[in-house]
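Reproduced below: target.cif, with mmCIF, N, CA and C atoms.
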data_coords
loop_
_atom_site.label_atom_id
_atom_site.label_comp_id
_atom_site.auth_asym_id
_atom_site.auth_seq_id
_atom_site.Cartn_x
_atom_site.Cartn_y
_atom_site.Cartn_z
N LEU B 1 10.58 59.32 99.53
CA LEU B 1 9.91 58.37 100.41
C LEU B 1 10.92 57.81 101.40
N MET B 2 10.66 57.97 102.67
CA MET B 2 11.57 57.50 103.71
C MET B 2 11.18 56.07 104.11
N THR B 3 12.10 55.15 103.92
CA THR B 3 11.88 53.78 104.36
C THR B 3 12.52 53.59 105.73
N ALA B 4 12.23 52.49 106.37
CA ALA B 4 12.82 52.20 107.68
C ALA B 4 14.35 52.14 107.57
N LYS B 5 14.83 51.61 106.45
CA LYS B 5 16.27 51.51 106.25
C LYS B 5 16.89 52.90 106.12
N ASN B 6 16.24 53.78 105.37
CA ASN B 6 16.75 55.15 105.21
C ASN B 6 16.74 55.90 106.54
N ILE B 7 15.70 55.72 107.31
CA ILE B 7 15.60 56.39 108.61
C ILE B 7 16.70 55.87 109.55
N ALA B 8 16.89 54.56 109.58
CA ALA B 8 17.93 53.98 110.43
C ALA B 8 19.30 54.48 110.02
N PHE B 9 19.55 54.57 108.72
CA PHE B 9 20.84 55.06 108.24
C PHE B 9 21.03 56.52 108.60
N SER B 10 19.99 57.33 108.50
CA SER B 10 20.07 58.74 108.87
C SER B 10 20.38 58.90 110.35
N ILE B 11 19.76 58.08 111.16
CA ILE B 11 20.02 58.11 112.61
C ILE B 11 21.48 57.73 112.88
N TYR B 12 21.97 56.73 112.15
CA TYR B 12 23.37 56.30 112.29
C TYR B 12 24.32 57.45 111.95
N LYS B 13 24.06 58.14 110.84
CA LYS B 13 24.92 59.25 110.45
C LYS B 13 24.89 60.37 111.48
N ILE B 14 23.73 60.66 112.02
CA ILE B 14 23.61 61.71 113.04
C ILE B 14 24.38 61.29 114.29
N ALA B 15 24.24 60.04 114.69
CA ALA B 15 24.95 59.55 115.88
C ALA B 15 26.47 59.65 115.68
N CYS B 16 26.94 59.29 114.51
CA CYS B 16 28.38 59.38 114.22
C CYS B 16 28.84 60.84 114.23
N TRP B 17 28.04 61.73 113.66
CA TRP B 17 28.39 63.14 113.65
C TRP B 17 28.47 63.69 115.07
N ILE B 18 27.51 63.32 115.91
CA ILE B 18 27.53 63.75 117.32
C ILE B 18 28.76 63.20 118.02
N PHE B 19 29.06 61.95 117.74
CA PHE B 19 30.23 61.30 118.32
C PHE B 19 31.51 62.05 117.94
N LEU B 20 31.65 62.37 116.65
CA LEU B 20 32.84 63.11 116.20
C LEU B 20 32.88 64.51 116.81
N SER B 21 31.74 65.15 116.94
CA SER B 21 31.68 66.48 117.54
C SER B 21 32.11 66.44 119.01
N ARG B 22 31.70 65.39 119.73
CA ARG B 22 32.09 65.24 121.13
C ARG B 22 33.60 65.08 121.24
N ILE B 23 34.19 64.36 120.33
CA ILE B 23 35.64 64.17 120.34
C ILE B 23 36.34 65.51 120.14
N LEU B 24 35.87 66.28 119.16
CA LEU B 24 36.47 67.59 118.90
C LEU B 24 36.28 68.53 120.09
N ALA B 25 35.11 68.47 120.71
CA ALA B 25 34.83 69.33 121.85
C ALA B 25 35.73 68.99 123.04
N ASN B 26 36.07 67.73 123.18
CA ASN B 26 36.95 67.30 124.28
C ASN B 26 38.42 67.40 123.91
N LYS B 27 38.70 67.87 122.70
CA LYS B 27 40.07 68.06 122.22
C LYS B 27 40.91 66.79 122.32
N ILE B 28 40.27 65.70 121.98
CA ILE B 28 40.97 64.42 121.99
C ILE B 28 41.75 64.31 120.68
N CYS B 29 43.01 64.02 120.80
CA CYS B 29 43.87 63.94 119.62
C CYS B 29 43.69 62.59 118.94
N ILE B 30 43.23 62.63 117.73
CA ILE B 30 43.06 61.40 116.96
C ILE B 30 43.99 61.36 115.75
N ALA B 31 44.72 62.45 115.53
CA ALA B 31 45.55 62.58 114.33
C ALA B 31 46.59 61.47 114.20
N GLN B 32 47.13 61.01 115.30
CA GLN B 32 48.17 59.99 115.22
C GLN B 32 47.61 58.60 114.95
N GLU B 33 46.34 58.40 115.21
CA GLU B 33 45.74 57.08 115.06
C GLU B 33 45.00 56.89 113.74
N VAL B 34 44.42 57.96 113.21
CA VAL B 34 43.62 57.88 111.99
C VAL B 34 44.49 58.32 110.81
N THR B 35 44.48 57.53 109.75
CA THR B 35 45.32 57.84 108.58
C THR B 35 44.78 59.06 107.83
N ASN B 36 45.61 59.63 106.99
CA ASN B 36 45.19 60.77 106.17
C ASN B 36 44.02 60.38 105.27
N ARG B 37 44.07 59.18 104.74
CA ARG B 37 42.98 58.71 103.87
C ARG B 37 41.67 58.61 104.65
N GLN B 38 41.74 58.05 105.86
CA GLN B 38 40.54 57.94 106.68
C GLN B 38 39.99 59.31 107.03
N THR B 39 40.88 60.23 107.37
CA THR B 39 40.45 61.60 107.69
C THR B 39 39.75 62.24 106.50
N ALA B 40 40.33 62.07 105.32
CA ALA B 40 39.73 62.65 104.10
C ALA B 40 38.35 62.06 103.84
N LEU B 41 38.22 60.74 104.00
CA LEU B 41 36.93 60.10 103.76
C LEU B 41 35.89 60.52 104.80
N LEU B 42 36.30 60.65 106.06
CA LEU B 42 35.38 61.12 107.10
C LEU B 42 34.87 62.52 106.79
N ARG B 43 35.76 63.38 106.32
CA ARG B 43 35.35 64.76 105.96
C ARG B 43 34.34 64.75 104.82
N LEU B 44 34.64 63.98 103.79
CA LEU B 44 33.72 63.93 102.64
C LEU B 44 32.37 63.35 103.05
N TYR B 45 32.38 62.33 103.86
CA TYR B 45 31.15 61.63 104.22
C TYR B 45 30.31 62.40 105.23
N PHE B 46 30.93 62.85 106.31
CA PHE B 46 30.15 63.49 107.37
C PHE B 46 30.00 64.99 107.20
N TYR B 47 31.05 65.66 106.77
CA TYR B 47 30.99 67.12 106.71
C TYR B 47 30.52 67.65 105.36
N LYS B 48 30.87 66.95 104.29
CA LYS B 48 30.40 67.36 102.95
C LYS B 48 29.10 66.67 102.59
N GLY B 49 28.73 65.63 103.35
CA GLY B 49 27.46 64.94 103.12
C GLY B 49 27.42 64.07 101.87
N MET B 50 28.59 63.66 101.38
CA MET B 50 28.63 62.82 100.18
C MET B 50 28.29 61.38 100.53
N SER B 51 27.68 60.69 99.59
CA SER B 51 27.39 59.27 99.79
C SER B 51 28.69 58.48 99.58
N GLN B 52 28.69 57.26 100.08
CA GLN B 52 29.87 56.41 99.88
C GLN B 52 30.10 56.16 98.39
N GLN B 53 29.03 56.01 97.63
CA GLN B 53 29.14 55.79 96.19
C GLN B 53 29.76 57.00 95.50
N ALA B 54 29.33 58.21 95.89
CA ALA B 54 29.87 59.43 95.30
C ALA B 54 31.36 59.60 95.63
N ILE B 55 31.73 59.27 96.85
CA ILE B 55 33.13 59.34 97.25
C ILE B 55 33.96 58.35 96.44
N ALA B 56 33.44 57.14 96.30
CA ALA B 56 34.14 56.10 95.55
C ALA B 56 34.37 56.55 94.10
N GLN B 57 33.35 57.12 93.48
CA GLN B 57 33.49 57.60 92.10
C GLN B 57 34.49 58.73 92.01
N LYS B 58 34.43 59.65 92.96
CA LYS B 58 35.34 60.80 92.95
C LYS B 58 36.80 60.36 93.09
N LEU B 59 37.05 59.36 93.94
CA LEU B 59 38.41 58.92 94.21
C LEU B 59 38.86 57.75 93.35
N GLY B 60 37.92 57.18 92.59
CA GLY B 60 38.27 56.06 91.71
C GLY B 60 38.55 54.77 92.46
N ILE B 61 37.83 54.56 93.56
CA ILE B 61 37.97 53.34 94.33
C ILE B 61 36.59 52.70 94.50
N GLY B 62 36.55 51.50 95.02
CA GLY B 62 35.28 50.81 95.21
C GLY B 62 34.49 51.37 96.39
N ARG B 63 33.16 51.28 96.29
CA ARG B 63 32.31 51.75 97.37
C ARG B 63 32.57 50.98 98.65
N ARG B 64 32.82 49.70 98.51
CA ARG B 64 33.10 48.86 99.68
C ARG B 64 34.38 49.32 100.39
N SER B 65 35.37 49.74 99.61
CA SER B 65 36.61 50.25 100.20
C SER B 65 36.35 51.51 101.01
N VAL B 66 35.49 52.36 100.48
CA VAL B 66 35.13 53.58 101.19
C VAL B 66 34.45 53.22 102.51
N GLY B 67 33.48 52.34 102.47
CA GLY B 67 32.76 51.93 103.67
C GLY B 67 33.67 51.30 104.70
N ASN B 68 34.56 50.42 104.25
CA ASN B 68 35.49 49.76 105.17
C ASN B 68 36.45 50.77 105.82
N CYS B 69 36.89 51.73 105.04
CA CYS B 69 37.81 52.75 105.54
C CYS B 69 37.12 53.62 106.60
N ILE B 70 35.90 54.05 106.32
CA ILE B 70 35.14 54.87 107.27
C ILE B 70 34.87 54.06 108.54
N GLU B 71 34.46 52.82 108.37
CA GLU B 71 34.17 51.97 109.53
C GLU B 71 35.43 51.78 110.39
N GLY B 72 36.56 51.55 109.74
CA GLY B 72 37.82 51.39 110.47
C GLY B 72 38.20 52.64 111.24
N ALA B 73 38.00 53.79 110.62
CA ALA B 73 38.31 55.06 111.28
C ALA B 73 37.41 55.27 112.50
N LEU B 74 36.13 54.99 112.34
CA LEU B 74 35.20 55.16 113.47
C LEU B 74 35.53 54.21 114.62
N LYS B 75 35.96 53.01 114.31
CA LYS B 75 36.35 52.07 115.36
C LYS B 75 37.57 52.60 116.12
N LYS B 76 38.55 53.13 115.38
CA LYS B 76 39.75 53.69 116.02
C LYS B 76 39.37 54.87 116.92
N ILE B 77 38.53 55.74 116.38
CA ILE B 77 38.13 56.94 117.13
C ILE B 77 37.35 56.55 118.38
N LYS B 78 36.47 55.58 118.25
CA LYS B 78 35.69 55.12 119.40
C LYS B 78 36.61 54.58 120.49
N LYS B 79 37.60 53.81 120.08
CA LYS B 79 38.55 53.23 121.03
C LYS B 79 39.33 54.35 121.76
N ILE B 80 39.77 55.36 121.03
CA ILE B 80 40.50 56.48 121.61
C ILE B 80 39.59 57.24 122.58
N PHE B 81 38.36 57.46 122.16
CA PHE B 81 37.42 58.21 123.00
C PHE B 81 37.13 57.45 124.29
N GLN B 82 36.91 56.16 124.20
CA GLN B 82 36.64 55.36 125.39
C GLN B 82 37.83 55.37 126.34
N LYS B 83 39.02 55.28 125.79
CA LYS B 83 40.24 55.29 126.60
C LYS B 83 40.40 56.63 127.31
N SER B 84 40.16 57.73 126.58
CA SER B 84 40.35 59.05 127.15
C SER B 84 39.30 59.37 128.21
N THR B 85 38.06 58.92 128.01
CA THR B 85 37.01 59.20 128.99
C THR B 85 37.19 58.33 130.23
N SER B 86 37.74 57.13 130.09
CA SER B 86 37.97 56.29 131.28
C SER B 86 39.13 56.83 132.09
N GLN B 87 40.11 57.47 131.45
CA GLN B 87 41.24 58.06 132.16
C GLN B 87 40.82 59.33 132.89
N ALA B 88 39.85 60.04 132.34
CA ALA B 88 39.38 61.29 132.94
C ALA B 88 38.54 61.04 134.19
N ALA B 89 37.96 59.86 134.27
CA ALA B 89 37.06 59.55 135.40
C ALA B 89 37.80 59.21 136.67
#
This entry written out as structure tokens:
Amino acid sequence: LMTAKNIAFSIYKIACWIFLSRILANKICIAQEVTNRQTALLRLYFYKGMSQQAIAQKLGIGRRSVGNCIEGALKKIKKIFQKSTSQAA
């Protein structure tokens, strides 16, 4: 059963995946800004499709830590993307 919350969350995940794909397509280097841990969590969450709870259990950390780490990585990536697109214009 799809609730409004589930639909909104699915849209959010799709938007983030598109955002990350655009960064890769533009060959924007994010490796120096995003930590290894953030990169690993982004891969598990977006590319492997794992839930934050599943990632937390797998890594032995809190779900909130996983969410905060992913959110921090996305903020860094967004900042890099905005900077690179404004320089290209």
Could you find all residues in chain B that DSSP calls alpha helix (DSSP H) from the backbone, and write them as a PDB file with N, CA and C atoms, in the coordinates of the input?
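And here's part_36.pdb as it stands now:
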ATOM      1  N   ALA B   4      12.230  52.490 106.370  1.00  0.00           N
ATOM      2  CA  ALA B   4      12.820  52.200 107.680  1.00  0.00           C
ATOM      3  C   ALA B   4      14.350  52.140 107.570  1.00  0.00           C
ATOM      4  N   LYS B   5      14.830  51.610 106.450  1.00  0.00           N
ATOM      5  CA  LYS B   5      16.270  51.510 106.250  1.00  0.00           C
ATOM      6  C   LYS B   5      16.890  52.900 106.120  1.00  0.00           C
ATOM      7  N   ASN B   6      16.240  53.780 105.370  1.00  0.00           N
ATOM      8  CA  ASN B   6      16.750  55.150 105.210  1.00  0.00           C
ATOM      9  C   ASN B   6      16.740  55.900 106.540  1.00  0.00           C
ATOM     10  N   ILE B   7      15.700  55.720 107.310  1.00  0.00           N
ATOM     11  CA  ILE B   7      15.600  56.390 108.610  1.00  0.00           C
ATOM     12  C   ILE B   7      16.700  55.870 109.550  1.00  0.00           C
ATOM     13  N   ALA B   8      16.890  54.560 109.580  1.00  0.00           N
ATOM     14  CA  ALA B   8      17.930  53.980 110.430  1.00  0.00           C
ATOM     15  C   ALA B   8      19.300  54.480 110.020  1.00  0.00           C
ATOM     16  N   PHE B   9      19.550  54.570 108.720  1.00  0.00           N
ATOM     17  CA  PHE B   9      20.840  55.060 108.240  1.00  0.00           C
ATOM     18  C   PHE B   9      21.030  56.520 108.600  1.00  0.00           C
ATOM     19  N   SER B  10      19.990  57.330 108.500  1.00  0.00           N
ATOM     20  CA  SER B  10      20.070  58.740 108.870  1.00  0.00           C
ATOM     21  C   SER B  10      20.380  58.900 110.350  1.00  0.00           C
ATOM     22  N   ILE B  11      19.760  58.080 111.160  1.00  0.00           N
ATOM     23  CA  ILE B  11      20.020  58.110 112.610  1.00  0.00           C
ATOM     24  C   ILE B  11      21.480  57.730 112.880  1.00  0.00           C
ATOM     25  N   TYR B  12      21.970  56.730 112.150  1.00  0.00           N
ATOM     26  CA  TYR B  12      23.370  56.300 112.290  1.00  0.00           C
ATOM     27  C   TYR B  12      24.320  57.450 111.950  1.00  0.00           C
ATOM     28  N   LYS B  13      24.060  58.140 110.840  1.00  0.00           N
ATOM     29  CA  LYS B  13      24.920  59.250 110.450  1.00  0.00           C
ATOM     30  C   LYS B  13      24.890  60.370 111.480  1.00  0.00           C
ATOM     31  N   ILE B  14      23.730  60.660 112.020  1.00  0.00           N
ATOM     32  CA  ILE B  14      23.610  61.710 113.040  1.00  0.00           C
ATOM     33  C   ILE B  14      24.380  61.290 114.290  1.00  0.00           C
ATOM     34  N   ALA B  15      24.240  60.040 114.690  1.00  0.00           N
ATOM     35  CA  ALA B  15      24.950  59.550 115.880  1.00  0.00           C
ATOM     36  C   ALA B  15      26.470  59.650 115.680  1.00  0.00           C
ATOM     37  N   CYS B  16      26.940  59.290 114.510  1.00  0.00           N
ATOM     38  CA  CYS B  16      28.380  59.380 114.220  1.00  0.00           C
ATOM     39  C   CYS B  16      28.840  60.840 114.230  1.00  0.00           C
ATOM     40  N   TRP B  17      28.040  61.730 113.660  1.00  0.00           N
ATOM     41  CA  TRP B  17      28.390  63.140 113.650  1.00  0.00           C
ATOM     42  C   TRP B  17      28.470  63.690 115.070  1.00  0.00           C
ATOM     43  N   ILE B  18      27.510  63.320 115.910  1.00  0.00           N
ATOM     44  CA  ILE B  18      27.530  63.750 117.320  1.00  0.00           C
ATOM     45  C   ILE B  18      28.760  63.200 118.020  1.00  0.00           C
ATOM     46  N   PHE B  19      29.060  61.950 117.740  1.00  0.00           N
ATOM     47  CA  PHE B  19      30.230  61.300 118.320  1.00  0.00           C
ATOM     48  C   PHE B  19      31.510  62.050 117.940  1.00  0.00           C
ATOM     49  N   LEU B  20      31.650  62.370 116.650  1.00  0.00           N
ATOM     50  CA  LEU B  20      32.840  63.110 116.200  1.00  0.00           C
ATOM     51  C   LEU B  20      32.880  64.510 116.810  1.00  0.00           C
ATOM     52  N   SER B  21      31.740  65.150 116.940  1.00  0.00           N
ATOM     53  CA  SER B  21      31.680  66.480 117.540  1.00  0.00           C
ATOM     54  C   SER B  21      32.110  66.440 119.010  1.00  0.00           C
ATOM     55  N   ARG B  22      31.700  65.390 119.730  1.00  0.00           N
ATOM     56  CA  ARG B  22      32.090  65.240 121.130  1.00  0.00           C
ATOM     57  C   ARG B  22      33.600  65.080 121.240  1.00  0.00           C
ATOM     58  N   ILE B  23      34.190  64.360 120.330  1.00  0.00           N
ATOM     59  CA  ILE B  23      35.640  64.170 120.340  1.00  0.00           C
ATOM     60  C   ILE B  23      36.340  65.510 120.140  1.00  0.00           C
ATOM     61  N   LEU B  24      35.870  66.280 119.160  1.00  0.00           N
ATOM     62  CA  LEU B  24      36.470  67.590 118.900  1.00  0.00           C
ATOM     63  C   LEU B  24      36.280  68.530 120.090  1.00  0.00           C
ATOM     64  N   ALA B  25      35.110  68.470 120.710  1.00  0.00           N
ATOM     65  CA  ALA B  25      34.830  69.330 121.850  1.00  0.00           C
ATOM     66  C   ALA B  25      35.730  68.990 123.040  1.00  0.00           C
ATOM     67  N   ASN B  36      45.610  59.630 106.990  1.00  0.00           N
ATOM     68  CA  ASN B  36      45.190  60.770 106.170  1.00  0.00           C
ATOM     69  C   ASN B  36      44.020  60.380 105.270  1.00  0.00           C
ATOM     70  N   ARG B  37      44.070  59.180 104.740  1.00  0.00           N
ATOM     71  CA  ARG B  37      42.980  58.710 103.870  1.00  0.00           C
ATOM     72  C   ARG B  37      41.670  58.610 104.650  1.00  0.00           C
ATOM     73  N   GLN B  38      41.740  58.050 105.860  1.00  0.00           N
ATOM     74  CA  GLN B  38      40.540  57.940 106.680  1.00  0.00           C
ATOM     75  C   GLN B  38      39.990  59.310 107.030  1.00  0.00           C
ATOM     76  N   THR B  39      40.880  60.230 107.370  1.00  0.00           N
ATOM     77  CA  THR B  39      40.450  61.600 107.690  1.00  0.00           C
ATOM     78  C   THR B  39      39.750  62.240 106.500  1.00  0.00           C
ATOM     79  N   ALA B  40      40.330  62.070 105.320  1.00  0.00           N
ATOM     80  CA  ALA B  40      39.730  62.650 104.100  1.00  0.00           C
ATOM     81  C   ALA B  40      38.350  62.060 103.840  1.00  0.00           C
ATOM     82  N   LEU B  41      38.220  60.740 104.000  1.00  0.00           N
ATOM     83  CA  LEU B  41      36.930  60.100 103.760  1.00  0.00           C
ATOM     84  C   LEU B  41      35.890  60.520 104.800  1.00  0.00           C
ATOM     85  N   LEU B  42      36.300  60.650 106.060  1.00  0.00           N
ATOM     86  CA  LEU B  42      35.380  61.120 107.100  1.00  0.00           C
ATOM     87  C   LEU B  42      34.870  62.520 106.790  1.00  0.00           C
ATOM     88  N   GLN B  52      28.690  57.260 100.080  1.00  0.00           N
ATOM     89  CA  GLN B  52      29.870  56.410  99.880  1.00  0.00           C
ATOM     90  C   GLN B  52      30.100  56.160  98.390  1.00  0.00           C
ATOM     91  N   GLN B  53      29.030  56.010  97.630  1.00  0.00           N
ATOM     92  CA  GLN B  53      29.140  55.790  96.190  1.00  0.00           C
ATOM     93  C   GLN B  53      29.760  57.000  95.500  1.00  0.00           C
ATOM     94  N   ALA B  54      29.330  58.210  95.890  1.00  0.00           N
ATOM     95  CA  ALA B  54      29.870  59.430  95.300  1.00  0.00           C
ATOM     96  C   ALA B  54      31.360  59.600  95.630  1.00  0.00           C
ATOM     97  N   ILE B  55      31.730  59.270  96.850  1.00  0.00           N
ATOM     98  CA  ILE B  55      33.130  59.340  97.250  1.00  0.00           C
ATOM     99  C   ILE B  55      33.960  58.350  96.440  1.00  0.00           C
ATOM    100  N   ALA B  56      33.440  57.140  96.300  1.00  0.00           N
ATOM    101  CA  ALA B  56      34.140  56.100  95.550  1.00  0.00           C
ATOM    102  C   ALA B  56      34.370  56.550  94.100  1.00  0.00           C
ATOM    103  N   GLN B  57      33.350  57.120  93.480  1.00  0.00           N
ATOM    104  CA  GLN B  57      33.490  57.600  92.100  1.00  0.00           C
ATOM    105  C   GLN B  57      34.490  58.730  92.010  1.00  0.00           C
ATOM    106  N   LYS B  58      34.430  59.650  92.960  1.00  0.00           N
ATOM    107  CA  LYS B  58      35.340  60.800  92.950  1.00  0.00           C
ATOM    108  C   LYS B  58      36.800  60.360  93.090  1.00  0.00           C
ATOM    109  N   LEU B  59      37.050  59.360  93.940  1.00  0.00           N
ATOM    110  CA  LEU B  59      38.410  58.920  94.210  1.00  0.00           C
ATOM    111  C   LEU B  59      38.860  57.750  93.350  1.00  0.00           C
ATOM    112  N   ARG B  63      33.160  51.280  96.290  1.00  0.00           N
ATOM    113  CA  ARG B  63      32.310  51.750  97.370  1.00  0.00           C
ATOM    114  C   ARG B  63      32.570  50.980  98.650  1.00  0.00           C
ATOM    115  N   ARG B  64      32.820  49.700  98.510  1.00  0.00           N
ATOM    116  CA  ARG B  64      33.100  48.860  99.680  1.00  0.00           C
ATOM    117  C   ARG B  64      34.380  49.320 100.390  1.00  0.00           C
ATOM    118  N   SER B  65      35.370  49.740  99.610  1.00  0.00           N
ATOM    119  CA  SER B  65      36.610  50.250 100.200  1.00  0.00           C
ATOM    120  C   SER B  65      36.350  51.510 101.010  1.00  0.00           C
ATOM    121  N   VAL B  66      35.490  52.360 100.480  1.00  0.00           N
ATOM    122  CA  VAL B  66      35.130  53.580 101.190  1.00  0.00           C
ATOM    123  C   VAL B  66      34.450  53.220 102.510  1.00  0.00           C
ATOM    124  N   GLY B  67      33.480  52.340 102.470  1.00  0.00           N
ATOM    125  CA  GLY B  67      32.760  51.930 103.670  1.00  0.00           C
ATOM    126  C   GLY B  67      33.670  51.300 104.700  1.00  0.00           C
ATOM    127  N   ASN B  68      34.560  50.420 104.250  1.00  0.00           N
ATOM    128  CA  ASN B  68      35.490  49.760 105.170  1.00  0.00           C
ATOM    129  C   ASN B  68      36.450  50.770 105.820  1.00  0.00           C
ATOM    130  N   CYS B  69      36.890  51.730 105.040  1.00  0.00           N
ATOM    131  CA  CYS B  69      37.810  52.750 105.540  1.00  0.00           C
ATOM    132  C   CYS B  69      37.120  53.620 106.600  1.00  0.00           C
ATOM    133  N   ILE B  70      35.900  54.050 106.320  1.00  0.00           N
ATOM    134  CA  ILE B  70      35.140  54.870 107.270  1.00  0.00           C
ATOM    135  C   ILE B  70      34.870  54.060 108.540  1.00  0.00           C
ATOM    136  N   GLU B  71      34.460  52.820 108.370  1.00  0.00           N
ATOM    137  CA  GLU B  71      34.170  51.970 109.530  1.00  0.00           C
ATOM    138  C   GLU B  71      35.430  51.780 110.390  1.00  0.00           C
ATOM    139  N   GLY B  72      36.560  51.550 109.740  1.00  0.00           N
ATOM    140  CA  GLY B  72      37.820  51.390 110.470  1.00  0.00           C
ATOM    141  C   GLY B  72      38.200  52.640 111.240  1.00  0.00           C
ATOM    142  N   ALA B  73      38.000  53.790 110.620  1.00  0.00           N
ATOM    143  CA  ALA B  73      38.310  55.060 111.280  1.00  0.00           C
ATOM    144  C   ALA B  73      37.410  55.270 112.500  1.00  0.00           C
ATOM    145  N   LEU B  74      36.130  54.990 112.340  1.00  0.00           N
ATOM    146  CA  LEU B  74      35.200  55.160 113.470  1.00  0.00           C
ATOM    147  C   LEU B  74      35.530  54.210 114.620  1.00  0.00           C
ATOM    148  N   LYS B  75      35.960  53.010 114.310  1.00  0.00           N
ATOM    149  CA  LYS B  75      36.350  52.070 115.360  1.00  0.00           C
ATOM    150  C   LYS B  75      37.570  52.600 116.120  1.00  0.00           C
ATOM    151  N   LYS B  76      38.550  53.130 115.380  1.00  0.00           N
ATOM    152  CA  LYS B  76      39.750  53.690 116.020  1.00  0.00           C
ATOM    153  C   LYS B  76      39.370  54.870 116.920  1.00  0.00           C
ATOM    154  N   ILE B  77      38.530  55.740 116.380  1.00  0.00           N
ATOM    155  CA  ILE B  77      38.130  56.940 117.130  1.00  0.00           C
ATOM    156  C   ILE B  77      37.350  56.550 118.380  1.00  0.00           C
ATOM    157  N   LYS B  78      36.470  55.580 118.250  1.00  0.00           N
ATOM    158  CA  LYS B  78      35.690  55.120 119.400  1.00  0.00           C
ATOM    159  C   LYS B  78      36.610  54.580 120.490  1.00  0.00           C
ATOM    160  N   LYS B  79      37.600  53.810 120.080  1.00  0.00           N
ATOM    161  CA  LYS B  79      38.550  53.230 121.030  1.00  0.00           C
ATOM    162  C   LYS B  79      39.330  54.350 121.760  1.00  0.00           C
ATOM    163  N   ILE B  80      39.770  55.360 121.030  1.00  0.00           N
ATOM    164  CA  ILE B  80      40.500  56.480 121.610  1.00  0.00           C
ATOM    165  C   ILE B  80      39.590  57.240 122.580  1.00  0.00           C
ATOM    166  N   PHE B  81      38.360  57.460 122.160  1.00  0.00           N
ATOM    167  CA  PHE B  81      37.420  58.210 123.000  1.00  0.00           C
ATOM    168  C   PHE B  81      37.130  57.450 124.290  1.00  0.00           C
ATOM    169  N   GLN B  82      36.910  56.160 124.200  1.00  0.00           N
ATOM    170  CA  GLN B  82      36.640  55.360 125.390  1.00  0.00           C
ATOM    171  C   GLN B  82      37.830  55.370 126.340  1.00  0.00           C
ATOM    172  N   LYS B  83      39.020  55.280 125.790  1.00  0.00           N
ATOM    173  CA  LYS B  83      40.240  55.290 126.600  1.00  0.00           C
ATOM    174  C   LYS B  83      40.400  56.630 127.310  1.00  0.00           C
ATOM    175  N   SER B  84      40.160  57.730 126.580  1.00  0.00           N
ATOM    176  CA  SER B  84      40.350  59.050 127.150  1.00  0.00           C
ATOM    177  C   SER B  84      39.300  59.370 128.210  1.00  0.00           C
ATOM    178  N   THR B  85      38.060  58.920 128.010  1.00  0.00           N
ATOM    179  CA  THR B  85      37.010  59.200 128.990  1.00  0.00           C
ATOM    180  C   THR B  85      37.190  58.330 130.230  1.00  0.00           C
ATOM    181  N   SER B  86      37.740  57.130 130.090  1.00  0.00           N
ATOM    182  CA  SER B  86      37.970  56.290 131.280  1.00  0.00           C
ATOM    183  C   SER B  86      39.130  56.830 132.090  1.00  0.00           C
ATOM    184  N   GLN B  87      40.110  57.470 131.450  1.00  0.00           N
ATOM    185  CA  GLN B  87      41.240  58.060 132.160  1.00  0.00           C
ATOM    186  C   GLN B  87      40.820  59.330 132.890  1.00  0.00           C
ATOM    187  N   ALA B  88      39.850  60.040 132.340  1.00  0.00           N
ATOM    188  CA  ALA B  88      39.380  61.290 132.940  1.00  0.00           C
ATOM    189  C   ALA B  88      38.540  61.040 134.190  1.00  0.00           C
TER     190      ALA B  88
END
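Atom N of B:Ile55 lies 10.0 Å from atom C of B:Arg43.
Taking atom C of B:Ile61 and atom N of B:Tyr12 as endpoints, the distance between them is 23.3 Å.
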**Atom pair atom N of B:Gln38 / atom C of B:Lys75: separation (Å)** =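 One can read the atom N of B:Gln38 to atom C of B:Lys75 distance as 12.3 Å.
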**Request:** Report the residues retrieved by the PyMOL selection byres (((chain B and resi 47 and name CA) around 12) and name CA) from the displayed file, expressed as a PyMOL selection string.
**Result:** chain B and resi 13-14+16-18+20-21+39-46+48-51
Evaluated on this file, the PyMOL selection byres (((chain B and resi 53 and name CA) around 9) and name CA) picks out some residues - which ones are they, written as a JSON list (two decimals) with N, CA and C atoms, in the coordinates of the input?
[["chain", "number", "residue", "atom", "x", "y", "z"],
["B", 50, "MET", "N", 28.59, 63.66, 101.38],
["B", 50, "MET", "CA", 28.63, 62.82, 100.18],
["B", 50, "MET", "C", 28.29, 61.38, 100.53],
["B", 51, "SER", "N", 27.68, 60.69, 99.59],
["B", 51, "SER", "CA", 27.39, 59.27, 99.79],
["B", 51, "SER", "C", 28.69, 58.48, 99.58],
["B", 52, "GLN", "N", 28.69, 57.26, 100.08],
["B", 52, "GLN", "CA", 29.87, 56.41, 99.88],
["B", 52, "GLN", "C", 30.10, 56.16, 98.39],
["B", 54, "ALA", "N", 29.33, 58.21, 95.89],
["B", 54, "ALA", "CA", 29.87, 59.43, 95.30],
["B", 54, "ALA", "C", 31.36, 59.60, 95.63],
["B", 55, "ILE", "N", 31.73, 59.27, 96.85],
["B", 55, "ILE", "CA", 33.13, 59.34, 97.25],
["B", 55, "ILE", "C", 33.96, 58.35, 96.44],
["B", 56, "ALA", "N", 33.44, 57.14, 96.30],
["B", 56, "ALA", "CA", 34.14, 56.10, 95.55],
["B", 56, "ALA", "C", 34.37, 56.55, 94.10],
["B", 57, "GLN", "N", 33.35, 57.12, 93.48],
["B", 57, "GLN", "CA", 33.49, 57.60, 92.10],
["B", 57, "GLN", "C", 34.49, 58.73, 92.01],
["B", 58, "LYS", "N", 34.43, 59.65, 92.96],
["B", 58, "LYS", "CA", 35.34, 60.80, 92.95],
["B", 58, "LYS", "C", 36.80, 60.36, 93.09],
["B", 62, "GLY", "N", 36.55, 51.50, 95.02],
["B", 62, "GLY", "CA", 35.28, 50.81, 95.21],
["B", 62, "GLY", "C", 34.49, 51.37, 96.39],
["B", 63, "ARG", "N", 33.16, 51.28, 96.29],
["B", 63, "ARG", "CA", 32.31, 51.75, 97.37],
["B", 63, "ARG", "C", 32.57, 50.98, 98.65],
["B", 64, "ARG", "N", 32.82, 49.70, 98.51],
["B", 64, "ARG", "CA", 33.10, 48.86, 99.68],
["B", 64, "ARG", "C", 34.38, 49.32, 100.39],
["B", 66, "VAL", "N", 35.49, 52.36, 100.48],
["B", 66, "VAL", "CA", 35.13, 53.58, 101.19],
["B", 66, "VAL", "C", 34.45, 53.22, 102.51]]
